[in-house]
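Below is one structure, written out as structure tokens, with a few remarks after it.
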Amino acid sequence: MRNKKILYVSQEITPYLKESAIGDACRLVPAKVQELGFEARAFMPKYGCINERRNQLHEVIRLSGANISIDDNDHPLILKVATLQSSRMQVYFIDNDDFFQRHALQDIEIRLTPEENDERLIFFTRATMETVKKLRWEPSVVHCSGWISSLIPLFIKSQYADDPTVGQAKVVFSLFNDSFEGTLDQRFVEKLLLDGFPDEQLLPLTKGEAIDWRTLNKIGIRYADGVALTSDEVPDELLEYAASLGKPTVKVNTVDIDAAPLVEFYKALGD
């Protein structure tokens with residue numbers, strides 16, 4: 001490994017949000033990894049239900065304001081940060097008035113307005129990557145959890161492959177039973193093609209099939225260097241897909257976490 005910096009990109013992190021097993025795993029795993037001498041930072045969406053005052057979020061002015069263009073529309077990035085008190089890990093929150101609300105809602109946005117999830121996913125991915133570049137924080141490993149992080153491996157291996165900040169990072173994609181109902185907007189692939197991706201890089205998306213949560217997980221698997229099995233309820237279809245691609249895997253016990261095997265997995269990917 002070129003350094004001991006690990007970047008975690010997560011759909012949710014407890015205590016800011018706990019909607020599933022992902023939240024606890026994405027709090028505990030980085031903490032255990034830090035205990036072994038690594039430096040961890042994390043990114044997640046700034047959902048409307050996250051109380052900024054109670055969780056001591058503040059805006060990072062110098063990193064906010066960039067426009068993320070999707071389908072010829074500009075969406076300004078608002079970046080916020082907090083320190084997770086239990087581990088002293090910095091957590092960065094990707095925010096935007098179009099995709100994340102300013103006040104608590106009856107449900108989180110990815111379920112409340114699923115028709116916007118295609119652009120919300122693209123925005124979160126691009127905003128995260130651009131922020132990491134501006135931070136000039138060079139992770140050895142980027143560990144992704146949840147379908148909203150599923151495009152991160154693709155972006156690192158394509159549009160950011162030559163970037164000195166993240167281009168050399170190894171990517172791990174965690175598998176959970178992370179489902180959502182329905183499918184993404186049928187123009188999702190077209191919007192990615194407009195973003196400059198060659199068609200061959202979108203093969204798993206361009207078969208004319210509706211894009212559901214399993215498809216997004218397959219994208220994460222396809223472009224990751226390794227796969228973390230973080231749930232006992234992962235569909236066999238996803239496990240078989242990872243095996244068919246020959247992806248190295250590691251089992252992560254989220255009940256009694258031992259970070260040593262995961263750290264060794266990180267190191268092996270970098271050898």
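Quick note on naming: the chains in the structure tokens go A, B, ... in the order shown, residues restart at 1 in each chain, and ligands are numbered from 1 in order of appearance.
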
For Gly146 (chain A), find every residue with an atom within 8 Å (counting only C-alpha atoms), except residues of its own chain fewer than 6 positions away, and show them as a list of chain:residue names.
A:Ser10, A:Gln11, A:Glu12, A:Ile22, A:Ser174, A:Leu175, A:Phe176, A:Asp178

Which residues in region 106-195 of chain A does DSSP call helix (DSSP H, G or I)? List them as an MDAnalysis selection string.
chainID A and resid 109:112 114:135 147:149 152:157 188:194

Two-atom distance - CA of Tyr241 (chain A), CA of Ala228 (chain A) (Å)
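A separation of 13.5 Å between them.
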
I need the residues in region 55-265 of chain A that are strand (DSSP E or B) according to DSSP; give them as JSON, numbers by chain.
{"A": [58, 59, 67, 68, 69, 70, 73, 74, 75, 76, 78, 79, 80, 81, 82, 83, 84, 89, 90, 91, 92, 93, 94, 95, 141, 142, 143, 144, 145, 170, 171, 172, 173, 174, 175, 226, 227, 228, 229, 249, 250, 251]}

Quick one: everything within 9 Å of Ile211 (chain A), counting only C-alpha atoms, minus sequence neighbours fewer than 2 positions away in the same chain. Send it as a CSV table (one decimal) with C-alpha atoms, in the first residue's frame.
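Saved result, result-v7.csv, follows:
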chain,number,residue,atom,x,y,z
A,182,GLY,CA,-38.7,-0.2,-8.9
A,183,THR,CA,-36.1,0.8,-11.5
A,184,LEU,CA,-34.1,3.9,-12.4
A,185,ASP,CA,-35.2,6.4,-15.1
A,186,GLN,CA,-34.9,4.8,-18.5
A,188,PHE,CA,-30.0,6.8,-16.9
A,205,LEU,CA,-26.3,-1.1,-18.2
A,208,GLY,CA,-32.0,-2.8,-22.8
A,209,GLU,CA,-33.1,-4.0,-19.3
A,213,TRP,CA,-30.6,-2.3,-7.4
A,214,ARG,CA,-29.1,-5.6,-8.5
A,215,THR,CA,-27.8,-4.0,-11.7
A,216,LEU,CA,-26.2,-1.2,-9.8

If you measure from CA of Glu138 (chain A) to CA of Val166 (chain A), what distance in Å do you get, rounded to one decimal?
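Interatomic distance here is 6.0 Å.
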
Env of region 32-39 of chain A: 12 Å cut, atoms = only C-alpha atoms, seq-sep filter 5 positions within chain, self excluded. Answer as a PyMOL selection string.
chain A and resi 1+3-8+25-27+86-90+137-141+143+252-254+256-267

Would you save the residues from that selection as a short mmCIF file (atom, residue, chain, number, x, y, z; two decimals), in the first residue's frame, using N, CA and C atoms?
data_model
loop_
_atom_site.label_atom_id
_atom_site.label_comp_id
_atom_site.auth_asym_id
_atom_site.auth_seq_id
_atom_site.Cartn_x
_atom_site.Cartn_y
_atom_site.Cartn_z
N MET A 1 0.84 -1.19 0.00
CA MET A 1 0.00 0.00 0.00
C MET A 1 0.88 1.25 0.00
N ASN A 3 0.13 4.21 1.13
CA ASN A 3 -0.01 4.92 2.40
C ASN A 3 -1.10 4.23 3.22
N LYS A 4 -1.42 4.78 4.36
CA LYS A 4 -2.41 4.16 5.24
C LYS A 4 -3.69 4.99 5.31
N LYS A 5 -4.12 5.49 4.15
CA LYS A 5 -5.33 6.29 4.07
C LYS A 5 -6.43 5.49 3.38
N ILE A 6 -7.56 5.36 4.05
CA ILE A 6 -8.70 4.62 3.51
C ILE A 6 -9.90 5.56 3.44
N LEU A 7 -10.50 5.64 2.26
CA LEU A 7 -11.69 6.46 2.06
C LEU A 7 -12.92 5.57 2.00
N TYR A 8 -13.91 5.86 2.83
CA TYR A 8 -15.16 5.11 2.86
C TYR A 8 -16.27 5.98 2.26
N ALA A 25 -22.40 -0.83 10.13
CA ALA A 25 -21.16 -1.34 9.53
C ALA A 25 -20.24 -0.21 9.13
N CYS A 26 -20.82 0.86 8.57
CA CYS A 26 -20.01 1.97 8.07
C CYS A 26 -19.55 2.91 9.18
N ARG A 27 -20.03 2.69 10.39
CA ARG A 27 -19.48 3.38 11.56
C ARG A 27 -18.39 2.54 12.22
N SER A 86 -17.06 9.22 18.25
CA SER A 86 -16.58 7.95 18.79
C SER A 86 -15.22 7.54 18.22
N SER A 87 -14.94 7.96 16.97
CA SER A 87 -13.69 7.55 16.33
C SER A 87 -12.83 8.71 15.86
N ARG A 88 -13.37 9.94 15.99
CA ARG A 88 -12.68 11.15 15.51
C ARG A 88 -12.48 11.14 14.00
N MET A 89 -13.31 10.40 13.29
CA MET A 89 -13.23 10.34 11.84
C MET A 89 -13.99 11.50 11.23
N GLN A 90 -13.39 12.14 10.23
CA GLN A 90 -14.09 13.20 9.51
C GLN A 90 -15.08 12.58 8.53
N TRP A 137 -6.35 14.56 -0.80
CA TRP A 137 -6.16 13.49 0.18
C TRP A 137 -6.11 12.19 -0.61
N GLU A 138 -4.97 11.54 -0.66
CA GLU A 138 -4.73 10.43 -1.59
C GLU A 138 -4.93 9.08 -0.90
N PRO A 139 -6.10 8.49 -1.03
CA PRO A 139 -6.34 7.19 -0.38
C PRO A 139 -5.68 6.04 -1.14
N SER A 140 -5.24 5.05 -0.38
CA SER A 140 -4.77 3.82 -1.00
C SER A 140 -5.93 2.93 -1.41
N VAL A 141 -7.01 3.02 -0.63
CA VAL A 141 -8.19 2.19 -0.87
C VAL A 141 -9.43 3.07 -0.76
N HIS A 143 -13.38 2.35 -0.24
CA HIS A 143 -14.29 1.26 0.14
C HIS A 143 -15.72 1.78 0.07
N VAL A 252 -16.73 -9.92 6.02
CA VAL A 252 -16.67 -8.95 7.10
C VAL A 252 -17.79 -9.26 8.09
N ASN A 253 -17.42 -9.63 9.30
CA ASN A 253 -18.40 -9.91 10.35
C ASN A 253 -18.78 -8.60 11.01
N THR A 254 -20.00 -8.15 10.79
CA THR A 254 -20.42 -6.84 11.31
C THR A 254 -20.97 -6.93 12.73
N ASP A 256 -19.27 -8.89 15.40
CA ASP A 256 -18.06 -8.83 16.23
C ASP A 256 -16.91 -8.53 15.27
N ILE A 257 -16.70 -7.26 14.98
CA ILE A 257 -15.80 -6.88 13.90
C ILE A 257 -14.35 -7.08 14.28
N ASP A 258 -13.65 -7.83 13.43
CA ASP A 258 -12.21 -7.97 13.49
C ASP A 258 -11.67 -7.37 12.20
N ALA A 259 -11.05 -6.21 12.31
CA ALA A 259 -10.62 -5.50 11.12
C ALA A 259 -9.35 -6.07 10.50
N ALA A 260 -8.65 -6.93 11.22
CA ALA A 260 -7.37 -7.43 10.71
C ALA A 260 -7.50 -8.12 9.35
N PRO A 261 -8.46 -9.05 9.16
CA PRO A 261 -8.58 -9.67 7.83
C PRO A 261 -8.90 -8.66 6.73
N LEU A 262 -9.69 -7.64 7.04
CA LEU A 262 -10.02 -6.63 6.05
C LEU A 262 -8.78 -5.81 5.68
N VAL A 263 -7.99 -5.45 6.68
CA VAL A 263 -6.76 -4.71 6.41
C VAL A 263 -5.80 -5.54 5.56
N GLU A 264 -5.69 -6.82 5.85
CA GLU A 264 -4.84 -7.69 5.04
C GLU A 264 -5.36 -7.78 3.61
N PHE A 265 -6.67 -7.76 3.47
CA PHE A 265 -7.30 -7.76 2.15
C PHE A 265 -6.93 -6.48 1.40
N TYR A 266 -7.03 -5.34 2.07
CA TYR A 266 -6.62 -4.07 1.47
C TYR A 266 -5.18 -4.16 0.97
N LYS A 267 -4.30 -4.66 1.83
CA LYS A 267 -2.88 -4.72 1.49
C LYS A 267 -2.64 -5.64 0.30
#

Hey, what's within 12 Å of Thr113 (chain A) if we count only C-alpha atoms and toss same-chain stuff fewer than 4 positions away? As a compact mmCIF listing (two decimals) with all heavy atoms, in the first residue's frame, please?
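The file below, result_22.txt, is the result:
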# COMPACT_ATOMS: atom_id res chain seq x y z
N ASP A 98 -31.48 20.45 -4.87
CA ASP A 98 -32.33 19.72 -5.82
C ASP A 98 -32.57 18.27 -5.39
O ASP A 98 -33.63 17.71 -5.66
CB ASP A 98 -31.69 19.72 -7.21
CG ASP A 98 -31.54 21.12 -7.78
OD1 ASP A 98 -32.46 21.95 -7.55
OD2 ASP A 98 -30.52 21.39 -8.44
N PHE A 99 -31.58 17.67 -4.72
CA PHE A 99 -31.66 16.24 -4.42
C PHE A 99 -31.82 15.92 -2.94
O PHE A 99 -32.24 14.82 -2.58
CB PHE A 99 -30.40 15.53 -4.94
CG PHE A 99 -30.21 15.69 -6.43
CD1 PHE A 99 -29.08 16.29 -6.93
CD2 PHE A 99 -31.18 15.25 -7.32
CE1 PHE A 99 -28.90 16.45 -8.30
CE2 PHE A 99 -31.02 15.40 -8.68
CZ PHE A 99 -29.87 16.01 -9.18
N PHE A 100 -31.47 16.87 -2.07
CA PHE A 100 -31.57 16.66 -0.63
C PHE A 100 -32.23 17.88 -0.01
O PHE A 100 -31.88 19.01 -0.30
CB PHE A 100 -30.18 16.41 -0.03
CG PHE A 100 -29.48 15.24 -0.66
CD1 PHE A 100 -28.44 15.45 -1.55
CD2 PHE A 100 -29.88 13.94 -0.39
CE1 PHE A 100 -27.80 14.38 -2.17
CE2 PHE A 100 -29.24 12.86 -1.00
CZ PHE A 100 -28.21 13.08 -1.89
N GLN A 101 -33.18 17.63 0.87
CA GLN A 101 -34.03 18.69 1.37
C GLN A 101 -33.41 19.41 2.57
O GLN A 101 -32.49 18.90 3.22
CB GLN A 101 -35.39 18.12 1.76
CG GLN A 101 -36.10 17.43 0.61
CD GLN A 101 -36.32 18.38 -0.57
OE1 GLN A 101 -36.84 19.47 -0.40
NE2 GLN A 101 -35.93 17.95 -1.76
N LEU A 105 -38.03 15.01 6.66
CA LEU A 105 -39.17 14.53 5.89
C LEU A 105 -39.74 13.27 6.54
O LEU A 105 -39.18 12.74 7.50
CB LEU A 105 -38.72 14.24 4.45
CG LEU A 105 -38.05 15.40 3.71
CD1 LEU A 105 -37.43 14.91 2.41
CD2 LEU A 105 -39.06 16.49 3.43
N GLN A 106 -40.83 12.79 5.98
CA GLN A 106 -41.42 11.56 6.49
C GLN A 106 -40.56 10.36 6.14
O GLN A 106 -40.64 9.32 6.79
CB GLN A 106 -42.82 11.37 5.92
CG GLN A 106 -43.84 12.41 6.39
CD GLN A 106 -45.20 12.18 5.80
OE1 GLN A 106 -45.36 11.50 4.79
NE2 GLN A 106 -46.21 12.76 6.43
N ASP A 107 -39.72 10.48 5.13
CA ASP A 107 -38.86 9.39 4.71
C ASP A 107 -37.62 10.00 4.08
O ASP A 107 -37.57 11.20 3.79
CB ASP A 107 -39.59 8.50 3.69
CG ASP A 107 -39.03 7.08 3.65
OD1 ASP A 107 -37.93 6.87 4.20
OD2 ASP A 107 -39.68 6.21 3.07
N ILE A 108 -36.58 9.20 3.85
CA ILE A 108 -35.38 9.74 3.22
C ILE A 108 -35.62 9.89 1.71
O ILE A 108 -36.45 9.19 1.13
CB ILE A 108 -34.14 8.87 3.49
CG1 ILE A 108 -34.32 7.46 2.97
CG2 ILE A 108 -33.80 8.87 4.97
CD1 ILE A 108 -33.06 6.61 3.10
N GLU A 109 -34.87 10.79 1.11
CA GLU A 109 -35.15 11.21 -0.25
C GLU A 109 -35.07 10.07 -1.27
O GLU A 109 -35.81 10.07 -2.25
CB GLU A 109 -34.17 12.33 -0.65
CG GLU A 109 -34.42 13.65 0.06
CD GLU A 109 -33.71 13.76 1.41
OE1 GLU A 109 -33.45 12.70 2.04
OE2 GLU A 109 -33.44 14.88 1.83
N ASN A 117 -33.70 9.30 -8.43
CA ASN A 117 -32.53 8.55 -7.97
C ASN A 117 -31.44 8.43 -9.02
O ASN A 117 -30.26 8.31 -8.68
CB ASN A 117 -32.93 7.16 -7.48
CG ASN A 117 -33.44 7.20 -6.05
OD1 ASN A 117 -33.20 8.15 -5.31
ND2 ASN A 117 -34.16 6.16 -5.66
N ASP A 118 -31.80 8.43 -10.30
CA ASP A 118 -30.75 8.31 -11.32
C ASP A 118 -29.82 9.52 -11.27
O ASP A 118 -28.59 9.38 -11.21
CB ASP A 118 -31.35 8.13 -12.71
CG ASP A 118 -32.19 9.32 -13.18
OD1 ASP A 118 -32.86 9.95 -12.33
OD2 ASP A 118 -32.17 9.63 -14.38
N GLU A 119 -30.40 10.72 -11.25
CA GLU A 119 -29.56 11.92 -11.21
C GLU A 119 -28.97 12.14 -9.82
O GLU A 119 -27.87 12.66 -9.69
CB GLU A 119 -30.36 13.14 -11.67
CG GLU A 119 -30.78 13.05 -13.14
CD GLU A 119 -31.29 14.36 -13.70
OE1 GLU A 119 -31.25 15.39 -12.98
OE2 GLU A 119 -31.72 14.35 -14.88
N ARG A 120 -29.69 11.73 -8.79
CA ARG A 120 -29.15 11.83 -7.43
C ARG A 120 -27.89 10.97 -7.31
O ARG A 120 -26.89 11.38 -6.71
CB ARG A 120 -30.22 11.38 -6.42
CG ARG A 120 -29.80 11.52 -4.97
CD ARG A 120 -30.93 11.10 -4.04
NE ARG A 120 -32.02 12.09 -4.01
CZ ARG A 120 -33.26 11.85 -4.38
NH1 ARG A 120 -33.61 10.66 -4.84
NH2 ARG A 120 -34.18 12.79 -4.31
N PHE A 180 -34.05 -1.65 -3.35
CA PHE A 180 -35.06 -0.61 -3.42
C PHE A 180 -36.09 -1.05 -4.46
O PHE A 180 -35.79 -1.84 -5.35
CB PHE A 180 -34.47 0.77 -3.77
CG PHE A 180 -33.78 0.85 -5.11
CD1 PHE A 180 -34.49 1.02 -6.28
CD2 PHE A 180 -32.39 0.78 -5.19
CE1 PHE A 180 -33.86 1.12 -7.52
CE2 PHE A 180 -31.74 0.88 -6.41
CZ PHE A 180 -32.48 1.04 -7.58
N GLU A 181 -37.29 -0.54 -4.33
CA GLU A 181 -38.36 -0.95 -5.24
C GLU A 181 -38.23 -0.21 -6.57
O GLU A 181 -37.81 0.94 -6.64
CB GLU A 181 -39.72 -0.67 -4.62
CG GLU A 181 -40.02 -1.51 -3.39
CD GLU A 181 -41.42 -1.26 -2.86
OE1 GLU A 181 -42.18 -0.48 -3.48
OE2 GLU A 181 -41.76 -1.85 -1.82
N GLY A 182 -38.64 -0.89 -7.63
CA GLY A 182 -38.70 -0.25 -8.94
C GLY A 182 -37.34 -0.18 -9.62
O GLY A 182 -36.38 -0.87 -9.25
N LEU A 184 -34.54 2.55 -12.11
CA LEU A 184 -34.14 3.93 -12.39
C LEU A 184 -34.77 4.43 -13.68
O LEU A 184 -35.25 3.65 -14.50
CB LEU A 184 -32.61 4.02 -12.49
CG LEU A 184 -31.81 3.69 -11.24
CD1 LEU A 184 -30.33 3.96 -11.50
CD2 LEU A 184 -32.29 4.48 -10.03
N ASP A 185 -34.73 5.74 -13.85
CA ASP A 185 -35.23 6.36 -15.07
C ASP A 185 -34.58 5.71 -16.29
O ASP A 185 -33.39 5.42 -16.30
CB ASP A 185 -34.90 7.86 -15.03
CG ASP A 185 -35.48 8.60 -16.22
OD1 ASP A 185 -34.83 8.64 -17.28
OD2 ASP A 185 -36.59 9.14 -16.07
